[in-house]
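K.L.:
Handing over target37.tsv, TSV, C-alpha atoms and all ligand atoms.
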chain	number	residue	atom	x	y	z
A	1237	MET	CA	0.00	0.00	0.00
A	1238	LEU	CA	1.24	3.45	-0.90
A	1239	THR	CA	-0.04	6.36	1.17
A	1240	ILE	CA	0.44	10.03	0.45
A	1241	ILE	CA	0.37	12.32	3.46
A	1242	PRO	CA	-0.37	15.89	2.35
A	1243	ASP	CA	1.14	18.70	4.43
A	1244	LEU	CA	2.94	16.47	6.90
A	1245	LEU	CA	5.12	19.50	7.53
A	1246	ARG	CA	3.66	23.00	7.49
A	1247	ALA	CA	5.42	25.60	5.34
A	1248	ASP	CA	7.15	27.13	8.39
A	1249	GLU	CA	8.38	23.67	9.42
A	1250	VAL	CA	9.75	22.98	5.95
A	1251	ALA	CA	11.61	26.29	6.22
A	1252	ARG	CA	12.97	25.39	9.67
A	1253	VAL	CA	14.13	21.96	8.49
A	1254	ARG	CA	15.81	23.48	5.46
A	1255	ALA	CA	17.50	26.18	7.55
A	1256	LEU	CA	18.94	23.43	9.75
A	1257	ILE	CA	20.15	21.09	7.03
A	1258	GLU	CA	21.23	23.35	4.16
A	1259	PRO	CA	24.34	24.84	5.84
A	1260	ALA	CA	25.35	21.47	7.37
A	1261	GLU	CA	28.16	19.28	6.08
A	1262	TRP	CA	26.97	16.76	3.48
A	1263	VAL	CA	28.70	13.46	2.75
A	1264	ASP	CA	28.53	10.76	0.09
A	1265	GLY	CA	25.13	9.05	0.26
A	1266	ASN	CA	26.63	5.60	0.28
A	1267	ALA	CA	27.22	5.91	4.02
A	1268	THR	CA	23.90	4.12	4.69
A	1269	SER	CA	23.79	1.74	1.72
A	1270	GLY	CA	24.26	-1.95	1.42
A	1271	ALA	CA	26.74	-3.18	-1.19
A	1272	GLN	CA	24.14	-3.55	-3.91
A	1273	SER	CA	22.50	-0.16	-3.36
A	1274	ALA	CA	25.91	1.49	-3.29
A	1275	LEU	CA	26.33	0.63	-6.94
A	1276	ALA	CA	23.10	2.42	-7.84
A	1277	LYS	CA	23.20	5.41	-5.53
A	1278	ARG	CA	24.55	8.85	-6.38
A	1279	ASN	CA	23.58	11.60	-3.97
A	1280	VAL	CA	24.74	13.29	-0.80
A	1281	GLN	CA	23.28	13.06	2.68
A	1282	LEU	CA	23.78	14.32	6.21
A	1283	PRO	CA	25.75	11.98	8.47
A	1284	GLU	CA	23.39	10.02	10.77
A	1285	ASP	CA	24.93	11.48	13.90
A	1286	SER	CA	25.11	15.11	12.75
A	1287	THR	CA	23.46	17.71	14.96
A	1288	ALA	CA	21.53	19.12	12.00
A	1289	ALA	CA	20.13	15.68	11.11
A	1290	ARG	CA	19.13	15.06	14.72
A	1291	GLU	CA	17.39	18.43	15.16
A	1292	ALA	CA	15.66	18.37	11.78
A	1293	GLY	CA	14.81	14.69	12.31
A	1294	ALA	CA	13.09	15.56	15.58
A	1295	LEU	CA	10.81	17.97	13.70
A	1296	VAL	CA	9.92	15.26	11.18
A	1297	LEU	CA	9.27	12.68	13.93
A	1298	ASP	CA	7.04	15.14	15.75
A	1299	ALA	CA	5.04	15.76	12.57
A	1300	LEU	CA	4.66	12.03	11.95
A	1301	GLY	CA	3.42	11.51	15.51
A	1302	ARG	CA	0.64	14.08	15.15
A	1303	SER	CA	-0.52	12.85	11.71
A	1304	ALA	CA	-3.62	10.68	12.19
A	1305	LEU	CA	-3.30	9.60	8.56
A	1306	PHE	CA	0.28	8.40	9.04
A	1307	VAL	CA	-0.53	6.56	12.27
A	1308	ALA	CA	-3.60	4.83	10.81
A	1309	ALA	CA	-1.85	3.82	7.59
A	1310	ALA	CA	1.53	2.78	9.01
A	1311	LEU	CA	0.61	1.59	12.52
A	1312	PRO	CA	4.17	2.47	13.53
A	1313	LEU	CA	6.01	0.59	16.26
A	1314	LYS	CA	9.54	1.94	15.80
A	1315	VAL	CA	10.84	4.66	13.52
A	1316	PHE	CA	14.47	4.93	12.45
A	1317	PRO	CA	15.75	8.47	13.00
A	1318	PRO	CA	14.98	10.44	9.81
A	1319	LEU	CA	17.89	11.08	7.45
A	1320	PHE	CA	18.28	13.77	4.81
A	1321	ASN	CA	19.55	13.65	1.25
A	1322	ARG	CA	20.10	15.92	-1.71
A	1323	TYR	CA	20.22	15.13	-5.42
A	1324	GLU	CA	21.47	17.57	-8.05
A	1325	GLY	CA	23.55	17.70	-11.24
A	1326	GLY	CA	22.21	14.45	-12.69
A	1327	GLN	CA	22.39	12.49	-9.45
A	1328	ALA	CA	19.98	9.56	-9.12
A	1329	PHE	CA	19.36	6.37	-7.18
A	1330	GLY	CA	18.84	3.32	-9.41
A	1331	THR	CA	16.34	0.54	-8.79
A	1332	HIS	CA	16.84	-1.18	-5.43
A	1333	VAL	CA	15.09	-2.72	-2.43
A	1334	ASP	CA	15.76	-1.22	1.00
A	1335	THR	CA	17.77	-3.22	3.54
A	1336	ALA	CA	15.51	-5.42	5.69
A	1337	VAL	CA	17.02	-4.67	9.10
A	1338	ARG	CA	18.37	-1.30	10.16
A	1339	ILE	CA	20.77	-0.93	13.07
A	1340	ARG	CA	21.59	2.46	14.51
A	1341	ARG	CA	25.33	2.71	14.70
A	1342	GLY	CA	26.76	2.73	18.21
A	1343	SER	CA	23.50	1.64	19.84
A	1344	ASP	CA	21.40	-1.48	20.24
A	1345	PHE	CA	18.48	0.17	18.42
A	1346	ARG	CA	17.37	-1.96	15.52
A	1347	LEU	CA	14.23	-2.35	13.49
A	1348	ARG	CA	12.80	-4.43	10.71
A	1349	ALA	CA	12.11	-2.03	7.84
A	1350	ASP	CA	8.49	-2.75	6.87
A	1351	LEU	CA	7.80	0.69	5.42
A	1352	SER	CA	9.88	3.43	3.88
A	1353	ALA	CA	8.90	7.08	3.80
A	1354	THR	CA	10.11	10.13	1.93
A	1355	VAL	CA	9.27	13.68	2.95
A	1356	PHE	CA	9.72	16.11	0.07
A	1357	LEU	CA	11.47	19.32	1.09
A	1358	SER	CA	11.92	21.18	-2.22
A	1359	ASP	CA	9.30	22.95	-4.29
A	1360	PRO	CA	8.69	20.59	-7.25
A	1361	ASP	CA	8.93	23.54	-9.68
A	1362	SER	CA	12.47	24.23	-8.49
A	1363	TYR	CA	13.94	21.05	-9.96
A	1364	ASP	CA	13.48	18.71	-12.92
A	1365	GLY	CA	13.42	14.94	-12.47
A	1366	GLY	CA	13.79	13.52	-8.98
A	1367	GLU	CA	10.59	11.47	-9.11
A	1368	LEU	CA	10.43	8.59	-6.65
A	1369	VAL	CA	9.31	5.67	-8.82
A	1370	ILE	CA	7.83	2.75	-6.90
A	1371	GLU	CA	6.91	-0.62	-8.40
A	1372	ASP	CA	4.01	-2.49	-6.89
A	1373	ALA	CA	1.60	-5.21	-7.97
A	1374	PHE	CA	-0.31	-2.70	-10.11
A	1375	GLY	CA	2.73	-1.36	-11.95
A	1376	GLU	CA	4.84	1.75	-11.45
A	1377	ARG	CA	3.86	4.82	-9.46
A	1378	SER	CA	5.83	8.00	-10.00
A	1379	VAL	CA	5.72	10.30	-6.98
A	1380	LYS	CA	6.84	13.93	-6.88
A	1381	LEU	CA	5.11	15.97	-4.23
A	1382	PRO	CA	4.94	19.54	-2.95
A	1383	ALA	CA	7.38	20.46	-0.16
A	1384	GLY	CA	6.08	19.16	3.16
A	1385	HIS	CA	4.14	16.24	1.65
A	1386	ALA	CA	5.24	12.68	2.37
A	1387	VAL	CA	4.80	9.24	0.84
A	1388	VAL	CA	4.86	5.97	2.78
A	1389	TYR	CA	5.39	2.72	0.83
A	1390	PRO	CA	6.50	-0.88	1.42
A	1391	ALA	CA	10.26	-1.10	2.03
A	1392	SER	CA	10.09	-4.40	0.17
A	1393	SER	CA	9.14	-2.70	-3.11
A	1394	LEU	CA	11.58	-2.05	-5.93
A	1395	HIS	CA	12.02	1.70	-6.20
A	1396	ARG	CA	14.33	4.36	-7.60
A	1397	VAL	CA	14.87	8.10	-7.71
A	1398	ALA	CA	15.03	9.55	-11.23
A	1399	ALA	CA	18.00	11.76	-12.11
A	1400	VAL	CA	17.69	15.40	-11.04
A	1401	THR	CA	18.64	17.33	-14.15
A	1402	ARG	CA	17.94	20.90	-12.95
A	1403	GLY	CA	17.99	22.42	-9.47
A	1404	ALA	CA	18.27	20.37	-6.31
A	1405	ARG	CA	15.93	17.91	-4.61
A	1406	LEU	CA	16.09	17.90	-0.82
A	1407	GLY	CA	14.32	15.16	1.06
A	1408	SER	CA	14.03	13.38	4.34
A	1409	PHE	CA	13.83	9.59	4.29
A	1410	LEU	CA	13.19	7.06	7.00
A	1411	TRP	CA	12.24	3.48	7.67
A	1412	LEU	CA	9.83	2.14	10.18
A	1413	GLN	CA	8.72	-1.10	11.73
A	1414	SER	CA	4.97	-1.46	11.80
A	1415	MET	CA	3.02	-3.13	14.59
A	1416	VAL	CA	1.48	-5.16	11.75
A	1417	ARG	CA	4.19	-6.80	9.70
A	1418	ASP	CA	2.08	-8.00	6.79
A	1419	ASP	CA	1.25	-5.37	4.17
A	1420	GLY	CA	-2.04	-7.12	3.26
A	1421	ALA	CA	-3.20	-7.23	6.88
A	1422	ARG	CA	-2.25	-3.58	7.34
A	1423	ARG	CA	-4.26	-2.72	4.28
A	1424	ILE	CA	-7.37	-4.49	5.60
A	1425	LEU	CA	-7.06	-2.57	8.86
A	1426	TRP	CA	-6.72	0.67	6.91
A	1427	GLU	CA	-9.82	-0.06	4.81
A	1428	LEU	CA	-11.78	-1.02	7.91
A	1429	ASP	CA	-10.63	2.11	9.72
A	1430	GLN	CA	-11.75	4.29	6.82
A	1431	GLY	CA	-15.07	2.45	6.63
A	1432	VAL	CA	-15.72	2.81	10.36
A	1433	GLN	CA	-14.93	6.52	10.22
A	1434	GLY	CA	-17.30	6.98	7.27
A	1435	ALA	CA	-20.05	5.04	9.04
A	1436	ALA	CA	-19.49	7.03	12.25
A	1437	GLN	CA	-19.92	10.25	10.30
A	1438	ALA	CA	-23.12	9.04	8.65
A	1439	LEU	CA	-24.68	7.31	11.64
A	1440	GLY	CA	-23.03	8.89	14.69
A	1441	GLN	CA	-20.20	7.60	16.88
A	1442	GLY	CA	-22.63	5.91	19.27
A	1443	ASP	CA	-24.55	3.94	16.64
A	1444	ALA	CA	-24.66	0.27	17.69
A	1445	ALA	CA	-23.28	-0.99	14.36
A	1446	VAL	CA	-20.45	1.56	14.47
A	1447	VAL	CA	-19.55	0.46	17.99
A	1448	ARG	CA	-19.53	-3.17	16.88
A	1449	LEU	CA	-17.33	-2.44	13.82
A	1450	THR	CA	-14.96	-0.38	15.96
A	1451	GLY	CA	-14.64	-3.45	18.16
A	1452	VAL	CA	-13.84	-5.59	15.11
A	1453	TYR	CA	-11.06	-3.14	14.17
A	1454	HIS	CA	-9.49	-3.32	17.61
A	1455	ASN	CA	-9.87	-7.08	17.84
A	1456	LEU	CA	-8.18	-7.58	14.47
A	1457	LEU	CA	-5.40	-5.25	15.59
A	1458	ARG	CA	-5.11	-7.23	18.86
A	1459	ARG	CA	-4.79	-10.41	16.81
A	1460	TRP	CA	-2.23	-9.07	14.33
A	1461	ALA	CA	-0.18	-6.50	16.21
A	1462	ASP	CA	3.27	-7.25	17.67
A	1463	VAL	CA	4.24	-4.62	20.18
A	1501	NI	NI	15.37	3.06	-1.04
Please rewrite the model in this file as C-alpha cells.

P.N.:
Amino acid sequence: MLTIIPDLLRADEVARVRALIEPAEWVDGNATSGAQSALAKRNVQLPEDSTAAREAGALVLDALGRSALFVAAALPLKVFPPLFNRYEGGQAFGTHVDTAVRIRRGSDFRLRADLSATVFLSDPDSYDGGELVIEDAFGERSVKLPAGHAVVYPASSLHRVAAVTRGARLGSFLWLQSMVRDDGARRILWELDQGVQGAAQALGQGDAAVVRLTGVYHNLLRRWADV
C-alpha cells in the first residue's frame, strides 16, 4: 500500500528543516547503503549522527506523531531516525530494495524495515526529475510531491529516484517497523478504519453498528499486532 500524506510538515516547518540542514556538512550518500544499493546510488546526505540531522529529524518525527493519517496507515512501532539527502547535477538512485534490518550505529536500536517514507522538502517547480518511482503489484507509481508532503510505501518494493537534471531535490527519508508486519493485513485494517470513520460520520459515533465495527477493528489489531 502506498499512502500520500499531504502537508505532513507546514510551510514554516519545511523552512525550519531546510535552515537546519542546508548549511550542514553533506557526505557521500553511500554511508547508509548496502553493497548492492551502493552501486546504484549517487547523492549526498547528512551523516546520521550530525546535529543538523538530529534536530531536523526531531521535527519530522514530531510531525509524523501528530498525523492521524500516518498513524492509521503505518501503525508504527519503531521509527528509524529520519535522514536527509540531496540530489542535483544528474544524481539519481537506481532501482533497489531497502535493507531489511536497520541498526543504529553505536547503539542497540534496531528495526525491521516494513515501510519506507520520503518527505519532500523542495518545491517541485524548483527542480526537474527527482521522481520517486515505486513498483508495486499494479505497476509503477511515479511520486513527486509539494514540499512538506510525504509518501509511505512498502520497504520491500523495488524503487528508484530519477535523475535530477535541474535544481536540487532535498528530502528526508526514513524506515519504520509497523506493529502489523504484513502489508495485506495492514491494508485491511486501513480499509476497515476508513469504513468505520465513514459510518461514524453518517450514523453517529454511538450507533450500535459503528460500535460493533470499531470493536472488530481493535480485535483484528489485537490479533495481528506485535508490540
Ligand atoms: Ni530506497

K.L.:
Between A:Leu1381, A:Met1415, A:Val1263, A:Leu1313, which one has atoms that come closest to A:Ser1286, using only C-alpha atoms?

P.N.:
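Counting only C-alpha atoms, the residue closest to A:Ser1286 is A:Val1263.
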
K.L.:
Please find the residues contacting ligand NI 1501 (chain A) at a distance of at most 8 Å between atoms, with all atoms listed in the file counted, and report them as a list of chain:residue names.

P.N.:
A:His1332, A:Val1333, A:Asp1334, A:Ser1352, A:Ala1391, A:His1395, A:Arg1396

K.L.:
Those residues with C-alpha atoms, as a PDB file, in the frame of the given file please?

P.N.:
ATOM      1  CA  HIS A1332      16.840  -1.180  -5.430  1.00  0.00           C
ATOM      2  CA  VAL A1333      15.090  -2.720  -2.430  1.00  0.00           C
ATOM      3  CA  ASP A1334      15.760  -1.220   1.000  1.00  0.00           C
ATOM      4  CA  SER A1352       9.880   3.430   3.880  1.00  0.00           C
ATOM      5  CA  ALA A1391      10.260  -1.100   2.030  1.00  0.00           C
ATOM      6  CA  HIS A1395      12.020   1.700  -6.200  1.00  0.00           C
ATOM      7  CA  ARG A1396      14.330   4.360  -7.600  1.00  0.00           C
TER       8      ARG A1396
END

K.L.:
May I have the residues within 12 Å of A:Asp1364 as a ChimeraX atom specification, using all atoms listed in the file and disregarding those fewer than 2 positions away in the same chain?

P.N.:
/A:1323-1328,1358-1362,1366-1367,1380,1397-1405

K.L.:
Using all atoms listed in the file, which residues sit within 9 Å of A:Val1446 once same-chain residues fewer than 3 positions away are excluded, as a ChimeraX atom specification?

P.N.:
/A:1432-1433,1435-1436,1439-1443,1449-1451

K.L.:
Would you output that residue set with C-alpha atoms, as a PDB file, keeping the file's coordinate frame?

P.N.:
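Contents of the output file again.pdb:
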ATOM      1  CA  VAL A1432     -15.720   2.810  10.360  1.00  0.00           C
ATOM      2  CA  GLN A1433     -14.930   6.520  10.220  1.00  0.00           C
ATOM      3  CA  ALA A1435     -20.050   5.040   9.040  1.00  0.00           C
ATOM      4  CA  ALA A1436     -19.490   7.030  12.250  1.00  0.00           C
ATOM      5  CA  LEU A1439     -24.680   7.310  11.640  1.00  0.00           C
ATOM      6  CA  GLY A1440     -23.030   8.890  14.690  1.00  0.00           C
ATOM      7  CA  GLN A1441     -20.200   7.600  16.880  1.00  0.00           C
ATOM      8  CA  GLY A1442     -22.630   5.910  19.270  1.00  0.00           C
ATOM      9  CA  ASP A1443     -24.550   3.940  16.640  1.00  0.00           C
ATOM     10  CA  LEU A1449     -17.330  -2.440  13.820  1.00  0.00           C
ATOM     11  CA  THR A1450     -14.960  -0.380  15.960  1.00  0.00           C
ATOM     12  CA  GLY A1451     -14.640  -3.450  18.160  1.00  0.00           C
TER      13      GLY A1451
END

K.L.:
Which of these, A:Val1463, A:Ala1309, A:Leu1319, A:Leu1406, has the shortest distance to A:Thr1287 once you count all atoms listed in the file?

P.N.:
A:Leu1319

K.L.:
Which one of A:Ala1445, A:Tyr1453, A:Arg1377, A:Glu1249 sits closest to A:Glu1427 if you count all atoms listed in the file?

P.N.:
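For A:Glu1427, the nearest of the given residues is A:Tyr1453.
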
K.L.:
At what distance in Å, to one decimal, does atom CA of A:Phe1329 lie from atom CA of A:Ala1260?

P.N.:
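Between these atoms lies a distance of 21.8 Å.
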
K.L.:
Which residue, A:Ala1373, A:Val1315, A:Ala1461, A:Leu1275, has the smallest gap to A:Leu1297 when you use all atoms listed in the file?

P.N.:
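Of the candidates, the smallest distance to A:Leu1297 is held by A:Val1315.
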
K.L.:
Which residue gives the smallest distance to A:Gly1342 among A:Val1296, A:Glu1284, A:Ala1251, A:Asp1372, with all atoms listed in the file counted?

P.N.:
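With all atoms listed in the file as the atom set, the closest residue is A:Glu1284.
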
K.L.:
Please, what distance in Å, to one decimal, runs between atom CA of A:Lys1314 and atom CA of A:Gly1420?

P.N.:
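Computed distance, atom CA of A:Lys1314 to atom CA of A:Gly1420, equals 19.3 Å.
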
K.L.:
Would you mind reading off the distance between atom CA of A:Leu1282 and atom CA of A:Pro1259, one decimal, in Å?

P.N.:
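Going from atom CA of A:Leu1282 over to atom CA of A:Pro1259 covers 10.5 Å.
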
K.L.:
Could you check the closest approach to A:Ala1294 for each of A:Thr1331, A:Gly1265, A:Leu1256, A:Ala1310 and tell me which residue wins, using all atoms listed in the file?

P.N.:
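Of all the options, A:Leu1256 lies closest to A:Ala1294.
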
K.L.:
Quick one: everything within 9 Å of A:Arg1340, counting only C-alpha atoms, minus sequence neighbours fewer than 5 positions away in the same chain. Send it as a list in words.

P.N.:
Glu1284, Phe1316, Pro1317, Phe1345, Arg1346 and Leu1347 of chain A

K.L.:
Can you pull out the residues contacting A:His1454? Cut-off 10 Å, using all atoms listed in the file, and skip same-chain residues under 6 positions away; I want them as a list in words.

P.N.:
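Contacts, with the query itself left out: Leu1425, Asp1429, Trp1460 and Ala1461 of chain A.
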
K.L.:
Near A:Val1379, counting only C-alpha atoms, which residues have an atom at most 10 Å away, once you skip same-chain residues fewer than 4 positions from it, shown as a list of chain:residue names?

P.N.:
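Those residues are A:Ile1240, A:Thr1354, A:Phe1356, A:Gly1366, A:Glu1367, A:Leu1368, A:Val1369, A:Ile1370, A:Ala1386, A:Val1387, A:Val1397.
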